[in-house]
Amino acid sequence: SLHALQKADLTRMKITMALVTERSGLPGGRAIRTFMGWDIAVDEAMFLGGLSKGEFLREFKPDFFFDDQAGHIESAMHHVPAGHVASDISNL
């Protein structure tokens with residue numbers, strides 16, 4: 001769905017995709033390669049190196065935040081709209 005939205009002719013709306021990970025830069029590259037494999041463009045990538053996503057998102061102020069781990073959703077939902085993506089192996 002993200003790929004379709006990015007490729008659609010959205011004359012009144014721009015969708016910016018930001019990757020936010022608690023990992024440091026090098027291991028976070030796996031997530032970028034995954035999005036590239038899905039043909040989803042990542043406009044920004046933030047590697048927090050272990051810092052809390054919730055506190056970062058409070059300042060970053062995204063329109064929506066999605067994550068595959070309930071703990072990250074729990075942290076973020078106090079600051080921004082957050083949704084769970086049940087696609088990780090731990091969610092099956």
# chains A, B, ... in the order shown; residues from 1 in each chain; ligands from 1

call {"tool": "select_by_dssp", "arguments": {"residues": "chain A", "states": "strand (DSSP E or B)", "output": "number ranges by chain"}}
result
A: 18-21, 44-47, 65-67, 82-84

call {"tool": "residues_around", "arguments": {"residues": "Gly50 (chain A)", "least_positions_apart": "3", "cutoff": "10 Å", "atoms": "only C-alpha atoms", "output": "PDB file with N, CA and C atoms, in the first residue's frame"}}
result
ATOM      1  N   THR A  21      14.746   3.959  13.718  1.00  0.00           N
ATOM      2  CA  THR A  21      15.125   2.711  14.355  1.00  0.00           C
ATOM      3  C   THR A  21      15.999   2.999  15.561  1.00  0.00           C
ATOM      4  N   GLU A  22      15.851   2.172  16.601  1.00  0.00           N
ATOM      5  CA  GLU A  22      16.685   2.323  17.790  1.00  0.00           C
ATOM      6  C   GLU A  22      18.090   1.794  17.553  1.00  0.00           C
ATOM      7  N   ARG A  23      18.303   1.120  16.455  1.00  0.00           N
ATOM      8  CA  ARG A  23      19.629   0.577  16.142  1.00  0.00           C
ATOM      9  C   ARG A  23      20.581   1.685  15.735  1.00  0.00           C
ATOM     10  N   SER A  24      21.863   1.350  15.730  1.00  0.00           N
ATOM     11  CA  SER A  24      22.844   2.298  15.198  1.00  0.00           C
ATOM     12  C   SER A  24      22.868   2.146  13.678  1.00  0.00           C
ATOM     13  N   PHE A  47      18.789   6.866  12.929  1.00  0.00           N
ATOM     14  CA  PHE A  47      19.316   5.737  13.685  1.00  0.00           C
ATOM     15  C   PHE A  47      19.584   6.235  15.100  1.00  0.00           C
ATOM     16  N   LYS A  53      12.296   5.575  21.228  1.00  0.00           N
ATOM     17  CA  LYS A  53      11.552   6.082  20.071  1.00  0.00           C
ATOM     18  C   LYS A  53      10.482   7.075  20.495  1.00  0.00           C
TER      19      LYS A  53
END

call {"tool": "residues_around", "arguments": {"residues": "Ser75 (chain A)", "least_positions_apart": "3", "cutoff": "12 Å", "atoms": "only C-alpha atoms", "output": "list in words"}}
result
Leu51, Ser52, Lys53, Gly54, Glu55, Phe56, Leu57, Arg58, Phe65, Phe66, Asp67, Gln69, Ala70, Gly71, His72, His78, His79, Val80, Pro81, Ala82 and Gly83 of chain A

call {"tool": "residues_around", "arguments": {"residues": "Glu44 (chain A)", "least_positions_apart": "5", "cutoff": "10 Å", "atoms": "only C-alpha atoms", "output": "VMD selection string"}}
result
chain A and resid 16 to 20

call {"tool": "write_last_selection", "arguments": {"atoms": "N, CA and C atoms", "output": "compact mmCIF listing (two decimals), in the first residue's frame"}}
result
# COMPACT_ATOMS: atom_id res chain seq x y z
N THR A 16 5.84 11.57 2.88
CA THR A 16 7.25 11.45 3.20
C THR A 16 7.42 10.23 4.09
N MET A 17 8.32 9.35 3.71
CA MET A 17 8.57 8.12 4.47
C MET A 17 9.85 8.30 5.27
N ALA A 18 9.73 8.17 6.59
CA ALA A 18 10.89 8.27 7.47
C ALA A 18 11.06 6.95 8.21
N LEU A 19 12.26 6.44 8.23
CA LEU A 19 12.60 5.23 8.97
C LEU A 19 13.21 5.67 10.28
N VAL A 20 12.65 5.22 11.39
CA VAL A 20 13.18 5.52 12.72
C VAL A 20 13.48 4.19 13.39

call {"tool": "closest_residue", "arguments": {"among": "A:Val42, A:Phe64, A:Leu5, A:Met36", "to": "His84 (chain A)", "atoms": "only C-alpha atoms"}}
result
A:Phe64

call {"tool": "select_by_dssp", "arguments": {"residues": "chain A", "states": "alpha helix (DSSP H)", "output": "PyMOL selection string"}}
result
chain A and resi 2-7+25-37+53-60+70-76

call {"tool": "residues_around", "arguments": {"residues": "Asp68 (chain A)", "least_positions_apart": "4", "cutoff": "7 Å", "atoms": "only C-alpha atoms", "output": "ChimeraX atom specification"}}
result
/A:84-88

call {"tool": "atom_distance", "arguments": {"atom1": "CA of Gln6 (chain A)", "atom2": "CA of Ala41 (chain A)"}}
result
7.8 Å

call {"tool": "atom_distance", "arguments": {"atom1": "CA of Trp38 (chain A)", "atom2": "CA of Lys7 (chain A)"}}
result
12.5 Å
